[in-house]
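Visitor: Okay, so here is structure-v5.cif, and as you'll see once you scroll down, it has mmCIF, C-alpha atoms and all ligand atoms.
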data_run
loop_
_atom_site.label_atom_id
_atom_site.label_comp_id
_atom_site.auth_asym_id
_atom_site.auth_seq_id
_atom_site.Cartn_x
_atom_site.Cartn_y
_atom_site.Cartn_z
CA MET F 235 -6.56 13.93 -22.57
CA LYS F 236 -8.11 10.58 -21.66
CA ALA F 237 -9.18 10.09 -18.05
CA LEU F 238 -11.47 8.07 -15.81
CA VAL F 239 -13.89 10.90 -14.99
CA CYS F 240 -16.34 10.23 -12.19
CA THR F 241 -19.59 12.20 -12.56
CA GLU F 242 -21.61 10.16 -10.04
CA PHE F 243 -21.00 7.39 -7.50
CA ALA F 244 -21.68 4.02 -9.14
CA PRO F 245 -20.28 0.45 -9.25
CA PHE F 246 -16.70 0.71 -10.55
CA SER F 247 -17.42 -1.30 -13.71
CA SER F 248 -19.97 1.26 -14.90
CA HIS F 249 -17.51 4.18 -14.96
CA LYS F 250 -15.89 5.23 -18.26
CA VAL F 251 -12.63 6.60 -19.60
CA ILE F 252 -13.50 9.70 -21.65
CA GLU F 253 -11.81 12.64 -23.40
CA THR F 254 -11.59 15.62 -21.05
CA GLU F 255 -9.67 18.86 -20.65
CA ALA F 256 -6.23 18.59 -19.05
CA PRO F 257 -5.97 20.41 -15.68
CA LYS F 258 -4.35 23.86 -15.70
CA ILE F 259 -0.94 24.42 -14.14
CA LYS F 260 -0.94 26.22 -10.78
CA LYS F 261 1.60 28.04 -8.63
CA GLY F 262 3.72 25.55 -6.66
CA HIS F 263 2.61 22.63 -8.86
CA VAL F 264 4.04 20.58 -11.74
CA ARG F 265 2.35 18.89 -14.68
CA ILE F 266 3.14 15.19 -15.04
CA ALA F 267 2.70 13.20 -18.27
CA ILE F 268 1.53 10.03 -16.55
CA LYS F 269 3.05 6.77 -17.76
CA ALA F 270 1.54 4.43 -15.16
CA ALA F 271 -0.84 4.64 -12.18
CA GLY F 272 -1.06 2.30 -9.20
CA VAL F 273 -4.50 0.89 -8.39
CA ASN F 274 -5.44 0.82 -4.72
CA PHE F 275 -8.51 -0.35 -2.83
CA PRO F 276 -9.52 3.23 -1.87
CA ASP F 277 -9.75 4.08 -5.63
CA ILE F 278 -12.51 1.49 -5.95
CA LEU F 279 -14.29 2.68 -2.82
CA MET F 280 -14.02 6.32 -3.91
CA VAL F 281 -15.73 5.90 -7.32
CA GLN F 282 -18.48 3.94 -5.56
CA GLY F 283 -19.04 6.61 -2.88
CA GLN F 284 -17.87 4.26 -0.10
CA TYR F 285 -14.64 6.03 0.85
CA GLN F 286 -14.32 8.62 3.62
CA VAL F 287 -13.04 11.12 1.02
CA LYS F 288 -15.81 12.18 -1.39
CA PRO F 289 -14.43 14.74 -3.90
CA PRO F 290 -16.91 17.07 -5.62
CA PHE F 291 -18.07 15.94 -9.11
CA PRO F 292 -16.67 15.69 -11.66
CA PHE F 293 -13.39 14.23 -10.40
CA ILE F 294 -10.71 12.05 -11.90
CA ALA F 295 -10.07 8.88 -9.91
CA GLY F 296 -6.64 7.43 -9.10
CA ALA F 297 -4.51 8.11 -6.03
CA GLU F 298 -0.96 7.57 -7.28
CA CYS F 299 1.09 7.70 -10.45
CA ALA F 300 4.51 7.93 -12.05
CA GLY F 301 5.63 9.82 -15.13
CA ASP F 302 7.64 12.71 -16.53
CA ILE F 303 7.39 16.36 -15.50
CA ILE F 304 6.33 18.33 -18.60
CA GLU F 305 5.59 21.74 -17.03
CA VAL F 306 6.76 23.49 -13.88
CA GLY F 307 4.56 26.06 -12.14
CA GLU F 308 5.62 29.42 -10.70
CA GLY F 309 7.66 29.16 -7.53
CA VAL F 310 8.95 25.62 -8.09
CA SER F 311 12.73 25.49 -8.12
CA HIS F 312 13.68 21.97 -6.99
CA LEU F 313 12.09 20.12 -9.94
CA LYS F 314 12.61 20.46 -13.68
CA VAL F 315 10.99 19.48 -16.95
CA GLY F 316 12.00 15.98 -18.01
CA GLN F 317 12.47 14.66 -14.46
CA ARG F 318 10.97 11.23 -13.71
CA VAL F 319 8.81 11.30 -10.58
CA ALA F 320 6.21 9.40 -8.59
CA ALA F 321 3.40 11.21 -6.77
CA LEU F 322 0.43 10.40 -4.57
CA PRO F 323 -2.06 13.29 -4.80
CA GLY F 324 -5.00 11.06 -3.75
CA VAL F 325 -7.08 11.75 -6.88
CA GLY F 326 -6.48 12.64 -10.54
CA CYS F 327 -4.06 9.87 -11.56
CA PHE F 328 -6.19 7.65 -13.86
CA ALA F 329 -5.47 10.11 -16.67
CA GLU F 330 -2.85 10.99 -19.23
CA GLU F 331 -1.81 14.11 -17.30
CA ALA F 332 -2.08 15.41 -13.75
CA VAL F 333 -1.14 18.68 -12.05
CA VAL F 334 0.16 17.95 -8.56
CA PRO F 335 1.82 19.93 -5.73
CA ALA F 336 5.58 19.97 -6.28
CA GLU F 337 6.31 19.03 -2.67
CA ILE F 338 4.67 15.61 -3.03
CA CYS F 339 6.76 14.57 -6.07
CA VAL F 340 9.36 11.93 -5.35
CA PRO F 341 12.19 11.74 -7.91
CA ILE F 342 12.59 8.10 -8.95
CA SER F 343 15.67 6.04 -9.63
CA ASP F 344 16.76 5.77 -13.29
CA LYS F 345 16.64 2.02 -12.79
CA MET F 346 12.99 2.03 -11.69
CA SER F 347 10.32 1.41 -14.35
CA TYR F 348 7.23 3.64 -14.40
CA GLU F 349 5.13 0.56 -13.55
CA GLU F 350 7.23 -0.15 -10.46
CA ALA F 351 7.22 3.53 -9.44
CA ALA F 352 3.45 3.92 -9.90
CA GLY F 353 2.74 1.47 -7.10
CA PHE F 354 5.80 2.17 -4.96
CA VAL F 355 5.08 5.14 -2.72
CA MET F 356 1.97 4.13 -0.79
CA VAL F 357 2.82 0.52 -0.02
CA TYR F 358 6.52 0.86 0.76
CA ALA F 359 6.19 4.11 2.69
CA THR F 360 3.32 2.71 4.79
CA SER F 361 5.23 -0.41 5.77
CA TYR F 362 8.49 1.46 6.34
CA HIS F 363 6.76 4.00 8.59
CA ALA F 364 4.97 1.19 10.46
CA LEU F 365 8.09 -0.91 11.01
CA LYS F 366 10.71 1.80 11.41
CA ASP F 367 8.78 4.51 13.29
CA ARG F 368 6.07 2.62 15.15
CA SER F 369 7.29 -0.87 16.07
CA ASP F 370 10.36 -0.60 18.34
CA ILE F 371 11.92 -3.45 16.40
CA LYS F 372 14.82 -5.41 17.79
CA PRO F 373 16.71 -7.57 15.27
CA GLY F 374 15.84 -11.23 15.63
CA GLU F 375 12.26 -10.55 16.70
CA THR F 376 9.40 -12.29 14.91
CA LEU F 377 7.02 -10.38 12.63
CA LEU F 378 3.69 -11.92 11.62
CA VAL F 379 2.26 -10.33 8.44
CA LEU F 380 -1.39 -10.88 7.47
CA GLY F 381 -2.51 -10.48 3.83
CA ALA F 382 1.20 -10.96 3.22
CA ALA F 383 1.10 -11.18 -0.59
CA GLY F 384 -1.09 -8.06 -0.96
CA GLY F 385 0.13 -4.55 -1.72
CA VAL F 386 1.23 -3.41 1.72
CA GLY F 387 1.68 -6.95 3.07
CA LEU F 388 4.42 -7.94 0.64
CA THR F 389 6.39 -4.78 1.37
CA ALA F 390 6.13 -5.55 5.12
CA VAL F 391 7.53 -9.03 4.45
CA GLU F 392 10.40 -7.64 2.37
CA LEU F 393 11.24 -4.70 4.65
CA GLY F 394 10.83 -6.80 7.80
CA LYS F 395 13.36 -9.30 6.50
CA HIS F 396 15.69 -6.47 5.52
CA MET F 397 15.42 -5.08 9.09
CA GLY F 398 16.60 -8.38 10.54
CA LEU F 399 13.26 -9.83 11.60
CA ASN F 400 12.15 -13.43 11.44
CA VAL F 401 9.10 -13.14 9.14
CA ILE F 402 5.97 -15.30 9.19
CA ALA F 403 3.72 -14.65 6.17
CA ALA F 404 0.01 -15.44 6.43
CA ALA F 405 -2.09 -15.55 3.25
CA SER F 406 -4.96 -17.41 1.62
CA SER F 407 -3.17 -19.70 -0.87
CA GLN F 408 0.04 -21.62 -1.43
CA ALA F 409 0.76 -19.54 -4.56
CA LYS F 410 0.66 -16.38 -2.40
CA LEU F 411 2.87 -17.97 0.26
CA ASP F 412 5.39 -18.96 -2.44
CA VAL F 413 5.64 -15.30 -3.52
CA CYS F 414 6.14 -14.29 0.14
CA LYS F 415 8.96 -16.85 0.49
CA ASP F 416 10.57 -15.35 -2.60
CA TYR F 417 10.39 -11.95 -0.86
CA GLY F 418 12.10 -13.21 2.28
CA ALA F 419 9.43 -14.86 4.47
CA ASP F 420 10.95 -17.53 6.71
CA HIS F 421 7.62 -19.29 7.31
CA GLY F 422 4.18 -19.39 5.68
CA ILE F 423 0.73 -19.99 7.13
CA ASN F 424 -2.34 -20.54 4.98
CA TYR F 425 -4.80 -18.80 7.29
CA VAL F 426 -7.81 -20.17 5.45
CA ASP F 427 -6.89 -23.85 5.96
CA GLU F 428 -4.77 -23.65 9.11
CA ASP F 429 -5.32 -22.44 12.68
CA LEU F 430 -3.44 -19.11 12.67
CA LYS F 431 -2.79 -18.86 16.41
CA ALA F 432 -1.78 -22.52 16.81
CA ARG F 433 0.61 -22.35 13.84
CA VAL F 434 2.28 -19.14 15.10
CA ARG F 435 2.80 -20.85 18.47
CA GLU F 436 4.16 -23.95 16.75
CA ILE F 437 6.66 -21.89 14.73
CA THR F 438 7.75 -19.48 17.49
CA GLY F 439 7.27 -21.30 20.79
CA LYS F 440 6.17 -18.27 22.88
CA GLY F 441 4.46 -16.27 20.11
CA ALA F 442 5.26 -13.48 17.65
CA ASP F 443 6.63 -10.08 18.74
CA ILE F 444 4.88 -7.91 16.16
CA CYS F 445 1.80 -8.37 13.99
CA TYR F 446 1.30 -6.25 10.85
CA ASP F 447 -2.43 -6.41 10.02
CA PRO F 448 -3.92 -4.88 6.84
CA VAL F 449 -6.82 -7.39 6.81
CA GLY F 450 -8.63 -7.26 10.18
CA ASP F 451 -11.95 -9.11 10.16
CA LYS F 452 -11.88 -12.63 11.62
CA PHE F 453 -8.08 -12.87 11.56
CA ALA F 454 -7.48 -10.08 14.07
CA GLU F 455 -8.33 -11.94 17.26
CA PRO F 456 -6.23 -15.08 16.60
CA ALA F 457 -3.39 -12.86 15.38
CA LEU F 458 -3.53 -10.67 18.52
CA ARG F 459 -3.66 -13.75 20.73
CA SER F 460 -0.66 -15.23 18.93
CA LEU F 461 1.58 -12.42 20.24
CA LYS F 462 3.91 -13.01 23.15
CA TRP F 463 4.44 -10.87 26.28
CA GLY F 464 5.07 -7.24 25.29
CA GLY F 465 3.97 -7.80 21.69
CA ARG F 466 3.00 -4.95 19.34
CA TYR F 467 -0.06 -5.14 17.07
CA LEU F 468 0.02 -2.77 14.08
CA VAL F 469 -3.46 -1.85 12.82
CA ILE F 470 -2.98 -1.09 9.11
CA GLY F 471 -6.36 -1.69 7.47
CA PHE F 472 -9.48 -3.77 7.07
CA ALA F 473 -9.28 -5.37 3.61
CA GLY F 474 -11.22 -8.35 4.96
CA GLY F 475 -14.33 -6.18 5.44
CA ASP F 476 -15.19 -6.06 9.14
CA ILE F 477 -13.44 -3.78 11.60
CA PRO F 478 -12.54 -6.16 14.44
CA LYS F 479 -13.64 -5.55 18.00
CA VAL F 480 -11.39 -7.22 20.53
CA ALA F 481 -11.61 -7.52 24.32
CA PHE F 482 -9.20 -5.30 26.29
CA ASN F 483 -8.24 -8.19 28.57
CA TRP F 484 -6.01 -9.62 25.82
CA MET F 485 -3.90 -6.46 26.00
CA LEU F 486 -3.81 -6.54 29.82
CA LEU F 487 -2.83 -10.20 30.11
CA LYS F 488 0.39 -9.92 28.10
CA GLU F 489 1.06 -6.16 28.22
CA LEU F 490 0.37 -5.90 24.50
CA ASP F 491 0.41 -2.60 22.58
CA VAL F 492 -2.14 -2.04 19.82
CA ARG F 493 -0.71 0.69 17.57
CA GLY F 494 -2.67 2.47 14.86
CA ILE F 495 -0.85 3.36 11.66
CA HIS F 496 -2.20 6.23 9.55
CA TRP F 497 0.63 6.95 7.15
CA GLY F 498 -1.26 9.55 5.07
CA ALA F 499 -2.15 11.59 8.17
CA TRP F 500 1.37 11.22 9.63
CA ILE F 501 3.04 12.87 6.59
CA PRO F 502 1.82 16.47 7.23
CA ARG F 503 2.71 16.01 10.91
CA ASN F 504 6.24 14.92 10.04
CA PRO F 505 7.05 15.91 6.43
CA LYS F 506 10.80 15.73 7.11
CA GLY F 507 10.49 12.17 8.46
CA HIS F 508 8.48 11.19 5.39
CA MET F 509 11.03 12.64 2.96
CA GLU F 510 13.82 10.86 4.86
CA ASN F 511 11.91 7.60 4.66
CA MET F 512 11.32 8.04 0.91
CA ALA F 513 15.02 8.78 0.32
CA GLU F 514 15.98 5.69 2.34
CA LEU F 515 13.50 3.55 0.39
CA MET F 516 14.84 4.84 -2.95
CA GLY F 517 18.33 4.02 -1.64
CA LEU F 518 17.27 0.46 -0.81
CA TYR F 519 15.86 0.15 -4.33
CA GLU F 520 19.09 1.51 -5.87
CA GLN F 521 21.08 -1.07 -3.91
CA GLY F 522 18.82 -3.89 -5.12
CA LYS F 523 17.60 -4.57 -1.56
CA ILE F 524 13.90 -4.15 -2.39
CA ARG F 525 12.10 -5.29 -5.53
CA PRO F 526 8.62 -3.81 -6.16
CA ARG F 527 6.41 -6.62 -7.49
CA VAL F 528 4.07 -5.66 -10.34
CA SER F 529 1.49 -8.39 -10.50
CA GLY F 530 -0.16 -7.04 -13.65
CA ALA F 531 -0.41 -4.00 -15.93
CA HIS F 532 -3.60 -3.00 -17.78
CA LYS F 533 -4.30 -0.18 -20.20
CA LEU F 534 -6.14 2.81 -18.69
CA GLU F 535 -9.30 1.88 -20.63
CA ASN F 536 -9.27 -1.54 -18.93
CA PHE F 537 -9.20 -0.12 -15.38
CA ALA F 538 -12.16 -2.35 -14.41
CA ASP F 539 -10.06 -5.49 -15.05
CA ALA F 540 -7.42 -4.23 -12.62
CA MET F 541 -10.06 -3.34 -10.03
CA THR F 542 -11.70 -6.77 -10.43
CA GLU F 543 -8.35 -8.48 -9.77
CA LEU F 544 -8.02 -6.52 -6.52
CA VAL F 545 -11.57 -7.29 -5.38
CA GLU F 546 -11.11 -10.99 -6.23
CA ARG F 547 -7.84 -11.13 -4.21
CA LYS F 548 -5.84 -12.12 -7.30
CA VAL F 549 -3.18 -9.41 -7.00
CA MET F 550 0.21 -10.40 -5.57
CA GLY F 551 2.09 -7.14 -5.07
CA LYS F 552 0.64 -4.28 -7.13
CA VAL F 553 -1.60 -3.96 -10.17
CA VAL F 554 -1.11 -0.84 -12.32
CA LEU F 555 -2.66 1.00 -15.27
CA THR F 556 -0.52 2.19 -18.18
CA MET F 557 -1.21 5.27 -20.31
N1 LIG S 601 -2.93 2.53 7.56
C1 LIG S 601 -2.38 3.04 6.48
O1 LIG S 601 -1.69 4.05 6.53
C2 LIG S 601 -2.64 2.34 5.16
C3 LIG S 601 -1.86 2.61 4.04
C4 LIG S 601 -2.08 1.88 2.88
C5 LIG S 601 -3.10 0.92 2.84
N2 LIG S 601 -3.88 0.73 3.94
C6 LIG S 601 -4.96 -0.26 3.98
O2 LIG S 601 -4.42 -1.57 3.98
C7 LIG S 601 -5.38 -2.46 3.43
C8 LIG S 601 -4.70 -3.35 2.41
O3 LIG S 601 -4.24 -2.57 1.32
P1 LIG S 601 -3.46 -3.27 0.13
O4 LIG S 601 -3.06 -2.20 -0.81
O5 LIG S 601 -2.42 -4.19 0.63
O6 LIG S 601 -4.64 -4.13 -0.52
P2 LIG S 601 -4.53 -5.47 -1.37
O7 LIG S 601 -3.35 -5.42 -2.26
O8 LIG S 601 -5.88 -5.66 -1.97
O9 LIG S 601 -4.24 -6.61 -0.29
C9 LIG S 601 -5.15 -6.90 0.73
C10 LIG S 601 -5.03 -8.36 1.12
O10 LIG S 601 -6.08 -8.61 2.06
C11 LIG S 601 -6.49 -9.96 1.97
N3 LIG S 601 -7.96 -10.06 2.03
C12 LIG S 601 -8.65 -10.76 2.93
N4 LIG S 601 -9.94 -10.66 2.73
C13 LIG S 601 -10.12 -9.86 1.66
C14 LIG S 601 -11.26 -9.40 0.97
N5 LIG S 601 -12.50 -9.73 1.35
N6 LIG S 601 -11.08 -8.59 -0.10
C15 LIG S 601 -9.85 -8.22 -0.49
N7 LIG S 601 -8.70 -8.66 0.15
C16 LIG S 601 -8.85 -9.47 1.21
C17 LIG S 601 -5.95 -10.50 0.64
O11 LIG S 601 -4.98 -11.47 0.98
P3 LIG S 601 -5.37 -13.02 1.14
O12 LIG S 601 -6.09 -13.42 -0.12
O13 LIG S 601 -4.05 -13.65 1.29
O14 LIG S 601 -6.24 -13.09 2.37
C18 LIG S 601 -5.27 -9.31 -0.04
O15 LIG S 601 -4.05 -9.70 -0.65
C19 LIG S 601 -6.50 -1.61 2.84
O16 LIG S 601 -7.56 -1.62 3.77
C20 LIG S 601 -5.88 -0.23 2.75
O17 LIG S 601 -6.86 0.79 2.83
C21 LIG S 601 -3.65 1.41 5.10
#
Let me see the file written as structure tokens.
Guide:
Amino acid sequence: MKALVCTEFAPFSSHKVIETEAPKIKKGHVRIAIKAAGVNFPDILMVQGQYQVKPPFPFIAGAECAGDIIEVGEGVSHLKVGQRVAALPGVGCFAEEAVVPAEICVPISDKMSYEEAAGFVMVYATSYHALKDRSDIKPGETLLVLGAAGGVGLTAVELGKHMGLNVIAAASSQAKLDVCKDYGADHGINYVDEDLKARVREITGKGADICYDPVGDKFAEPALRSLKWGGRYLVIGFAGGDIPKVAFNWMLLKELDVRGIHWGAWIPRNPKGHMENMAELMGLYEQGKIRPRVSGAHKLENFADAMTELVERKVMGKVVLTM
């Protein structure tokens, strides 16, 4: 099979798709014929040796995929050959086939394309967990989303609106803000040209109730200070580069909560909650209440083009590879 095999850490553009042996089926696993794979920032960091997870060489990159089950390992009874699934094993997905633990396979709606499914699990499940399980949302509250047209950001906009929140999207261009409006944002702030804190105050009066922050860096402090009394700040990630360091007095002054979100580490601690969330998300998709946005699809061989789009902040929603 063809796969992006990583034999050393190097700049992503120097890696190659090569012919390699397909992985062997194992007890409790299924073999998936991959149709599409979602591209995420950690994939880029991992092949460059900059991610906290450093698999032993050689490894196949690619955290998540969607496709058809073509083989079922011993002991697996709830899945069958021919079933369409999405999975997020963390590695092994930039390939024509992957062998993954059966318990992480999520059956996908017949209506959902492989491209949509390939980038669905991580971004929707992260935002759903953050908003549903970690935010103490009350309908009518205001949610500020940073990096709002990015992978997780756009799902926070869409799910926030669905949960009855007043959504303010913050992003770096008008084109991105237009996409956010199309996904339900009530207001848009171009945080490159405008003063983030002042604009949130202008829109809300007293400030936002919740901030969803996958960007960090220089936007974190104005975003935290734009919250009102009792506000909740959701730390999602640091796509902007720097991990922000903020003074504790901001939390004291307005009784703010800063809440870390680590979706991947929450799953093994609450597998039932995760499966419930996935079923609810698939239900929302079935009912047409959420619409995964695929910003672009590239052939597996052209993985570097997809990664370049991510690095250059050109992706609005998800970029995927097709096999
Ligand atoms: N905590 C969790 O459980 C969890 C789960 C999934 C992902 N994450 C993290 O969340 C972060 C975002 O993931 P994502 O999939 O949404 O990524 P993404 O699709 O690349 O979006 C990130 C957004 O960040 C903004 N950004 C600002 N400065 C940037 C820079 N220097 N380089 C790239 N983007 C920059 C961009 O929006 P503008 O151009 O509008 O500024 C971009 O749309 C990552 O750090 C990821 O590891 C965390």
Visitor: Quick one: which chain F residues come within 7 Å of ligand LIG 601 (chain S), and what is the nearest atom pair for each with the distance in Å to one decimal, counting all atoms listed in the file, rows ordered by chain and ascending number, as JSON lines?
Guide:
{"residue": "F:Asn274", "atom": "CA", "partner": "S:LIG601", "partner_atom": "O4", "distance": 5.5}
{"residue": "F:Phe275", "atom": "CA", "partner": "S:LIG601", "partner_atom": "O6", "distance": 5.9}
{"residue": "F:Pro276", "atom": "CA", "partner": "S:LIG601", "partner_atom": "O17", "distance": 5.9}
{"residue": "F:Met356", "atom": "CA", "partner": "S:LIG601", "partner_atom": "C4", "distance": 5.9}
{"residue": "F:Val357", "atom": "CA", "partner": "S:LIG601", "partner_atom": "C4", "distance": 5.9}
{"residue": "F:Thr360", "atom": "CA", "partner": "S:LIG601", "partner_atom": "C3", "distance": 5.2}
{"residue": "F:Gly381", "atom": "CA", "partner": "S:LIG601", "partner_atom": "O11", "distance": 3.9}
{"residue": "F:Ala382", "atom": "CA", "partner": "S:LIG601", "partner_atom": "O13", "distance": 6.2}
{"residue": "F:Ala383", "atom": "CA", "partner": "S:LIG601", "partner_atom": "O15", "distance": 5.4}
{"residue": "F:Gly384", "atom": "CA", "partner": "S:LIG601", "partner_atom": "O15", "distance": 3.4}
{"residue": "F:Gly385", "atom": "CA", "partner": "S:LIG601", "partner_atom": "O5", "distance": 3.5}
{"residue": "F:Val386", "atom": "CA", "partner": "S:LIG601", "partner_atom": "O5", "distance": 3.9}
{"residue": "F:Gly387", "atom": "CA", "partner": "S:LIG601", "partner_atom": "O5", "distance": 5.5}
{"residue": "F:Ala404", "atom": "CA", "partner": "S:LIG601", "partner_atom": "O13", "distance": 6.8}
{"residue": "F:Ala405", "atom": "CA", "partner": "S:LIG601", "partner_atom": "O13", "distance": 3.4}
{"residue": "F:Ser406", "atom": "CA", "partner": "S:LIG601", "partner_atom": "O13", "distance": 3.9}
{"residue": "F:Ser407", "atom": "CA", "partner": "S:LIG601", "partner_atom": "O13", "distance": 6.5}
{"residue": "F:Lys410", "atom": "CA", "partner": "S:LIG601", "partner_atom": "O13", "distance": 6.6}
{"residue": "F:Pro448", "atom": "CA", "partner": "S:LIG601", "partner_atom": "O2", "distance": 4.4}
{"residue": "F:Val449", "atom": "CA", "partner": "S:LIG601", "partner_atom": "O10", "distance": 5.0}
{"residue": "F:Val469", "atom": "CA", "partner": "S:LIG601", "partner_atom": "N1", "distance": 6.9}
{"residue": "F:Ile470", "atom": "CA", "partner": "S:LIG601", "partner_atom": "N1", "distance": 3.9}
{"residue": "F:Gly471", "atom": "CA", "partner": "S:LIG601", "partner_atom": "O16", "distance": 3.9}
{"residue": "F:Phe472", "atom": "CA", "partner": "S:LIG601", "partner_atom": "O16", "distance": 4.4}
{"residue": "F:Ala473", "atom": "CA", "partner": "S:LIG601", "partner_atom": "O16", "distance": 4.1}
{"residue": "F:Gly474", "atom": "CA", "partner": "S:LIG601", "partner_atom": "N4", "distance": 3.5}
{"residue": "F:Gly475", "atom": "CA", "partner": "S:LIG601", "partner_atom": "N5", "distance": 5.7}
{"residue": "F:Ile495", "atom": "CA", "partner": "S:LIG601", "partner_atom": "N1", "distance": 4.7}
{"residue": "F:His496", "atom": "CA", "partner": "S:LIG601", "partner_atom": "O1", "distance": 3.8}
{"residue": "F:Trp497", "atom": "CA", "partner": "S:LIG601", "partner_atom": "O1", "distance": 3.8}
{"residue": "F:Gly498", "atom": "CA", "partner": "S:LIG601", "partner_atom": "O1", "distance": 5.7}
{"residue": "F:Leu544", "atom": "CA", "partner": "S:LIG601", "partner_atom": "O8", "distance": 5.1}
{"residue": "F:Val545", "atom": "CA", "partner": "S:LIG601", "partner_atom": "C15", "distance": 5.3}
{"residue": "F:Glu546", "atom": "CA", "partner": "S:LIG601", "partner_atom": "C15", "distance": 6.5}
{"residue": "F:Arg547", "atom": "CA", "partner": "S:LIG601", "partner_atom": "O12", "distance": 5.0}
{"residue": "F:Val549", "atom": "CA", "partner": "S:LIG601", "partner_atom": "O7", "distance": 6.2}
{"residue": "F:Met550", "atom": "CA", "partner": "S:LIG601", "partner_atom": "O15", "distance": 6.5}
{"residue": "F:Gly551", "atom": "CA", "partner": "S:LIG601", "partner_atom": "O7", "distance": 6.4}
{"residue": "F:Lys552", "atom": "CA", "partner": "S:LIG601", "partner_atom": "O7", "distance": 6.4}
Visitor: Between CA of Thr241 in chain F and CA of Gly296 in chain F, what is the spacing in Å?
Guide: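 CA of Gly296 in chain F sits 14.2 Å away from CA of Thr241 in chain F.
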Visitor: Please indicate the distance in Å from CA of Lys523 in chain F to CA of His396 in chain F, rounded to one decimal place.
Guide: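 Between these atoms lies a distance of 7.6 Å.
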Visitor: Between CA of Glu298 in chain F and CA of Gly353 in chain F, what is the distance, to one decimal in Å?
Guide: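 Between CA of Glu298 in chain F and CA of Gly353 in chain F the gap is 7.1 Å.
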Visitor: Any idea what's packed within 10 Å of range 248-256 of chain F, counting only C-alpha atoms, ignoring anything in its chain fewer than 4 positions away? Could you give it as a PDB file with C-alpha atoms, in the coordinates of the input?
Guide:
ATOM      1  CA  MET F 235      -6.560  13.930 -22.570  1.00  0.00           C
ATOM      2  CA  LYS F 236      -8.110  10.580 -21.660  1.00  0.00           C
ATOM      3  CA  ALA F 237      -9.180  10.090 -18.050  1.00  0.00           C
ATOM      4  CA  LEU F 238     -11.470   8.070 -15.810  1.00  0.00           C
ATOM      5  CA  VAL F 239     -13.890  10.900 -14.990  1.00  0.00           C
ATOM      6  CA  CYS F 240     -16.340  10.230 -12.190  1.00  0.00           C
ATOM      7  CA  THR F 241     -19.590  12.200 -12.560  1.00  0.00           C
ATOM      8  CA  GLU F 242     -21.610  10.160 -10.040  1.00  0.00           C
ATOM      9  CA  PHE F 243     -21.000   7.390  -7.500  1.00  0.00           C
ATOM     10  CA  ALA F 244     -21.680   4.020  -9.140  1.00  0.00           C
ATOM     11  CA  ARG F 265       2.350  18.890 -14.680  1.00  0.00           C
ATOM     12  CA  VAL F 281     -15.730   5.900  -7.320  1.00  0.00           C
ATOM     13  CA  GLN F 282     -18.480   3.940  -5.560  1.00  0.00           C
ATOM     14  CA  ILE F 294     -10.710  12.050 -11.900  1.00  0.00           C
ATOM     15  CA  PHE F 328      -6.190   7.650 -13.860  1.00  0.00           C
ATOM     16  CA  ALA F 329      -5.470  10.110 -16.670  1.00  0.00           C
ATOM     17  CA  GLU F 330      -2.850  10.990 -19.230  1.00  0.00           C
ATOM     18  CA  GLU F 331      -1.810  14.110 -17.300  1.00  0.00           C
ATOM     19  CA  ALA F 332      -2.080  15.410 -13.750  1.00  0.00           C
ATOM     20  CA  VAL F 333      -1.140  18.680 -12.050  1.00  0.00           C
ATOM     21  CA  LEU F 534      -6.140   2.810 -18.690  1.00  0.00           C
ATOM     22  CA  GLU F 535      -9.300   1.880 -20.630  1.00  0.00           C
ATOM     23  CA  ASN F 536      -9.270  -1.540 -18.930  1.00  0.00           C
ATOM     24  CA  PHE F 537      -9.200  -0.120 -15.380  1.00  0.00           C
ATOM     25  CA  ALA F 538     -12.160  -2.350 -14.410  1.00  0.00           C
TER      26      ALA F 538
END
Visitor: For each of F:Asp443, F:Ile437, F:Glu350, F:Lys431, take the minimum atom-to-atom distance to Gly374 in chain F, counting all atoms listed in the file, then give the residue where this is smallest.
Guide: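 Smallest distance to Gly374 in chain F is found for F:Asp443.
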Visitor: Give me, as a ChimeraX atom specification, all polymer residues having an atom no more than 9 Å from range 314-326 of chain F, counting only C-alpha atoms and skipping those fewer than 5 positions away in the same chain.
Guide: /F:237-239,264-266,277,289,293-306,331-335,338-344,348,351-356
Visitor: Do you know which residues are at most 12 Å from Val391 in chain F counting all atoms listed in the file, after dropping those on the same chain fewer than 2 positions away, and could you put them as JSON, numbers by chain?
Guide: {"F": [357, 358, 361, 362, 365, 376, 377, 378, 379, 380, 381, 382, 383, 384, 385, 386, 387, 388, 389, 393, 394, 395, 396, 397, 398, 399, 400, 401, 402, 403, 404, 405, 411, 413, 414, 415, 416, 417, 418, 419, 420, 421, 422, 445, 446, 447, 524, 525, 526, 551]}
Visitor: Go through F:His312, F:Asp367, F:Trp484, F:Met346 and flag the residue nearest Gly507 in chain F, using only C-alpha atoms for the distances.
Guide: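 Answer, going by the shortest atom-to-atom distance: F:Asp367.
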